[in-house]
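**Q** Pasting a structure below so you can have a look.
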Amino acid sequence: MKILILSCNTGEGHNAAGHAVEEAALARGHEVNFVDAMQLGKRHTSRLISGLYIGIVKHLPWFFGFIYKLGRLISNRHFKSPVYWANARLAKPLAASSKKEIMTLW
């Protein structure tokens, strides 16, 4: 089976979890492609998002906590959080690249 794992460089939690799934899948003989989903955005999206995240967590952890809680409060089936909409912007590039860039990495 071919498995695509999408992660992002916002701390190492996402990547560590993704690599654990990758390791387990490889051990079972599956083909795995691990991709930073933010690289599907514009040229510097991944570096920008990663830098913003790390800067906020290091210097304004209370603000990160506030934004995280706010997102959980406002996100429901009728209203999506800002993180949802930010990720949704990558849906078209993912669909477009799934047959080109990502699949050629196999």
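By order of appearance in the structure tokens: chains A, B, ..., then residues from 1 within every chain, and ligands from 1 in the order shown.
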Identify all residues of chain A in helix (DSSP H, G or I) (DSSP on the backbone) and supply them as a ChimeraX atom specification.
**A** /A:13-27,37-40,45-59,61-74,82-88,91-98,101-104
**Q** List the spatial neighbours of region 7-24 of chain A as an MDAnalysis selection string - criterion: any atom at most 8 Å away, only C-alpha atoms, same-chain residues fewer than 3 positions off excluded.
**A** chainID A and resid 27:28 32 34:38 46 49:50 53:54
**Q** Okay, now the selection with all heavy atoms, as an mmCIF file, in the first residue's frame?
**A**
data_model
loop_
_atom_site.group_PDB
_atom_site.id
_atom_site.type_symbol
_atom_site.label_atom_id
_atom_site.label_comp_id
_atom_site.auth_asym_id
_atom_site.auth_seq_id
_atom_site.Cartn_x
_atom_site.Cartn_y
_atom_site.Cartn_z
ATOM 1 N N ALA A 27 7.879 -0.803 8.340
ATOM 2 C CA ALA A 27 8.167 -2.111 8.936
ATOM 3 C C ALA A 27 7.201 -3.182 8.437
ATOM 4 O O ALA A 27 7.513 -4.375 8.458
ATOM 5 C CB ALA A 27 8.103 -2.017 10.459
ATOM 6 N N ARG A 28 6.034 -2.751 7.976
ATOM 7 C CA ARG A 28 5.031 -3.687 7.460
ATOM 8 C C ARG A 28 5.083 -3.805 5.933
ATOM 9 O O ARG A 28 4.195 -4.374 5.306
ATOM 10 C CB ARG A 28 3.644 -3.266 7.921
ATOM 11 C CG ARG A 28 3.434 -3.519 9.405
ATOM 12 C CD ARG A 28 2.235 -2.777 9.952
ATOM 13 N NE ARG A 28 1.993 -3.051 11.352
ATOM 14 C CZ ARG A 28 2.666 -2.514 12.367
ATOM 15 N NH1 ARG A 28 3.665 -1.675 12.133
ATOM 16 N NH2 ARG A 28 2.369 -2.809 13.620
ATOM 17 N N VAL A 32 5.941 4.682 1.815
ATOM 18 C CA VAL A 32 5.510 5.868 2.556
ATOM 19 C C VAL A 32 6.178 7.109 1.982
ATOM 20 O O VAL A 32 7.372 7.103 1.680
ATOM 21 C CB VAL A 32 5.856 5.747 4.064
ATOM 22 C CG1 VAL A 32 5.416 6.980 4.818
ATOM 23 C CG2 VAL A 32 5.239 4.500 4.659
ATOM 24 N N PHE A 34 6.492 11.044 3.208
ATOM 25 C CA PHE A 34 6.285 11.994 4.299
ATOM 26 C C PHE A 34 6.494 13.396 3.728
ATOM 27 O O PHE A 34 7.568 13.704 3.225
ATOM 28 C CB PHE A 34 7.297 11.716 5.416
ATOM 29 C CG PHE A 34 7.064 12.488 6.667
ATOM 30 C CD1 PHE A 34 6.349 11.927 7.708
ATOM 31 C CD2 PHE A 34 7.560 13.774 6.820
ATOM 32 C CE1 PHE A 34 6.131 12.623 8.880
ATOM 33 C CE2 PHE A 34 7.347 14.479 7.981
ATOM 34 C CZ PHE A 34 6.629 13.900 9.020
ATOM 35 N N VAL A 35 5.463 14.244 3.798
ATOM 36 C CA VAL A 35 5.512 15.561 3.154
ATOM 37 C C VAL A 35 5.134 16.660 4.146
ATOM 38 O O VAL A 35 4.174 16.511 4.902
ATOM 39 C CB VAL A 35 4.539 15.603 1.947
ATOM 40 C CG1 VAL A 35 4.476 16.984 1.323
ATOM 41 C CG2 VAL A 35 4.936 14.572 0.914
ATOM 42 N N ASP A 36 5.889 17.740 4.119
ATOM 43 C CA ASP A 36 5.523 18.947 4.862
ATOM 44 C C ASP A 36 4.408 19.620 4.062
ATOM 45 O O ASP A 36 4.646 20.184 2.999
ATOM 46 C CB ASP A 36 6.733 19.864 4.990
ATOM 47 C CG ASP A 36 6.426 21.210 5.624
ATOM 48 O OD1 ASP A 36 5.272 21.448 6.055
ATOM 49 O OD2 ASP A 36 7.346 22.043 5.699
ATOM 50 N N ALA A 37 3.196 19.555 4.563
ATOM 51 C CA ALA A 37 2.037 20.079 3.834
ATOM 52 C C ALA A 37 2.166 21.567 3.535
ATOM 53 O O ALA A 37 1.636 22.057 2.532
ATOM 54 C CB ALA A 37 0.757 19.812 4.618
ATOM 55 N N MET A 38 2.855 22.298 4.390
ATOM 56 C CA MET A 38 2.996 23.742 4.174
ATOM 57 C C MET A 38 3.844 24.054 2.943
ATOM 58 O O MET A 38 3.769 25.143 2.394
ATOM 59 C CB MET A 38 3.610 24.418 5.408
ATOM 60 C CG MET A 38 2.761 24.325 6.647
ATOM 61 S SD MET A 38 1.180 25.156 6.435
ATOM 62 C CE MET A 38 0.079 23.935 7.090
ATOM 63 N N SER A 46 5.994 27.381 4.433
ATOM 64 C CA SER A 46 6.429 26.491 5.509
ATOM 65 C C SER A 46 7.343 27.216 6.490
ATOM 66 O O SER A 46 7.158 27.131 7.704
ATOM 67 C CB SER A 46 7.153 25.268 4.934
ATOM 68 O OG SER A 46 7.533 24.404 5.986
ATOM 69 N N ILE A 49 5.243 29.913 8.503
ATOM 70 C CA ILE A 49 4.372 29.324 9.514
ATOM 71 C C ILE A 49 5.197 28.757 10.662
ATOM 72 O O ILE A 49 4.878 28.953 11.841
ATOM 73 C CB ILE A 49 3.470 28.227 8.894
ATOM 74 C CG1 ILE A 49 2.552 28.819 7.836
ATOM 75 C CG2 ILE A 49 2.684 27.486 9.961
ATOM 76 C CD1 ILE A 49 1.586 29.859 8.344
ATOM 77 N N SER A 50 6.256 28.048 10.345
ATOM 78 C CA SER A 50 7.121 27.463 11.371
ATOM 79 C C SER A 50 7.730 28.557 12.251
ATOM 80 O O SER A 50 7.726 28.461 13.477
ATOM 81 C CB SER A 50 8.228 26.636 10.719
ATOM 82 O OG SER A 50 9.105 26.125 11.687
ATOM 83 N N TYR A 53 5.009 30.190 14.480
ATOM 84 C CA TYR A 53 4.626 29.278 15.556
ATOM 85 C C TYR A 53 5.691 29.252 16.658
ATOM 86 O O TYR A 53 5.387 29.420 17.840
ATOM 87 C CB TYR A 53 4.393 27.871 15.008
ATOM 88 C CG TYR A 53 4.217 26.852 16.094
ATOM 89 C CD1 TYR A 53 2.993 26.702 16.736
ATOM 90 C CD2 TYR A 53 5.280 26.058 16.510
ATOM 91 C CE1 TYR A 53 2.827 25.790 17.756
ATOM 92 C CE2 TYR A 53 5.122 25.135 17.527
ATOM 93 C CZ TYR A 53 3.900 25.004 18.150
ATOM 94 O OH TYR A 53 3.747 24.104 19.159
ATOM 95 N N ILE A 54 6.917 29.008 16.263
ATOM 96 C CA ILE A 54 7.998 28.902 17.257
ATOM 97 C C ILE A 54 8.185 30.219 18.000
ATOM 98 O O ILE A 54 8.356 30.237 19.223
ATOM 99 C CB ILE A 54 9.299 28.421 16.584
ATOM 100 C CG1 ILE A 54 9.122 26.965 16.143
ATOM 101 C CG2 ILE A 54 10.490 28.567 17.521
ATOM 102 C CD1 ILE A 54 10.199 26.430 15.247
#
**Q** Which residue is closest to Pro82 (chain A)? Choose from A:Leu6, A:Ile67, A:Leu48, A:Ala95 and count only C-alpha atoms.
**A** A:Ile67
**Q** Can you tell me how far CA of Arg89 (chain A) sits from CA of Gln39 (chain A), in Å to one decimal?
**A**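 Those two atoms sit 12.1 Å apart.
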**Q** Run DSSP on the backbone and grab whatever in region 17-105 of chain A lands in strand (DSSP E or B); send it over as a list in words.
**A** Glu31, Val32, Asn33, Phe34, Val35 and Asp36 of chain A
**Q** Write a file of the just-selected residues containing all heavy atoms, as a compact mmCIF listing (two decimals), in the first residue's frame.
**A**
# COMPACT_ATOMS: atom_id res chain seq x y z
N GLU A 31 4.84 1.43 1.21
CA GLU A 31 5.59 2.56 0.68
C GLU A 31 5.04 3.82 1.34
O GLU A 31 3.82 4.01 1.41
CB GLU A 31 5.42 2.68 -0.83
CG GLU A 31 6.01 1.53 -1.61
CD GLU A 31 5.79 1.72 -3.09
OE1 GLU A 31 6.34 2.69 -3.65
OE2 GLU A 31 5.06 0.92 -3.67
N VAL A 32 5.94 4.68 1.82
CA VAL A 32 5.51 5.87 2.56
C VAL A 32 6.18 7.11 1.98
O VAL A 32 7.37 7.10 1.68
CB VAL A 32 5.86 5.75 4.06
CG1 VAL A 32 5.42 6.98 4.82
CG2 VAL A 32 5.24 4.50 4.66
N ASN A 33 5.39 8.16 1.86
CA ASN A 33 5.91 9.47 1.48
C ASN A 33 5.51 10.44 2.57
O ASN A 33 4.33 10.64 2.83
CB ASN A 33 5.34 9.89 0.12
CG ASN A 33 6.04 11.10 -0.44
OD1 ASN A 33 7.00 11.59 0.14
ND2 ASN A 33 5.57 11.57 -1.56
N PHE A 34 6.49 11.04 3.21
CA PHE A 34 6.29 11.99 4.30
C PHE A 34 6.49 13.40 3.73
O PHE A 34 7.57 13.70 3.22
CB PHE A 34 7.30 11.72 5.42
CG PHE A 34 7.06 12.49 6.67
CD1 PHE A 34 6.35 11.93 7.71
CD2 PHE A 34 7.56 13.77 6.82
CE1 PHE A 34 6.13 12.62 8.88
CE2 PHE A 34 7.35 14.48 7.98
CZ PHE A 34 6.63 13.90 9.02
N VAL A 35 5.46 14.24 3.80
CA VAL A 35 5.51 15.56 3.15
C VAL A 35 5.13 16.66 4.15
O VAL A 35 4.17 16.51 4.90
CB VAL A 35 4.54 15.60 1.95
CG1 VAL A 35 4.48 16.98 1.32
CG2 VAL A 35 4.94 14.57 0.91
N ASP A 36 5.89 17.74 4.12
CA ASP A 36 5.52 18.95 4.86
C ASP A 36 4.41 19.62 4.06
O ASP A 36 4.65 20.18 3.00
CB ASP A 36 6.73 19.86 4.99
CG ASP A 36 6.43 21.21 5.62
OD1 ASP A 36 5.27 21.45 6.05
OD2 ASP A 36 7.35 22.04 5.70
**Q** For each of A:Val57, A:Leu73, A:Leu4, A:Leu90, take the minimum atom-to-atom distance to Thr45 (chain A), counting only C-alpha atoms, then give the residue where this is smallest.
**A**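 Among A:Val57, A:Leu73, A:Leu4, A:Leu90, it is A:Leu90 that comes nearest to Thr45 (chain A).
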**Q** So which residues touch His30 (chain A) within 8 Å, counting only C-alpha atoms, skipping near sequence neighbours fewer than 6 positions away, as a ChimeraX atom specification?
**A** /A:1-3
**Q** How would the residues just chosen look if you wrote them out with C-alpha atoms as a compact mmCIF listing (two decimals), in the first residue's frame?
**A**
# COMPACT_ATOMS: atom_id res chain seq x y z
CA MET A 1 0.00 0.00 0.00
CA LYS A 2 1.17 3.55 -0.68
CA ILE A 3 0.74 5.93 2.24
**Q** Of the candidates A:Ser97, A:Gly71, A:Ile56, A:Phe64, which shows the shortest atom-to-atom distance to Trp85 (chain A), using only C-alpha atoms?
**A**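 The shortest atom-to-atom distance to Trp85 (chain A) comes from A:Gly71.
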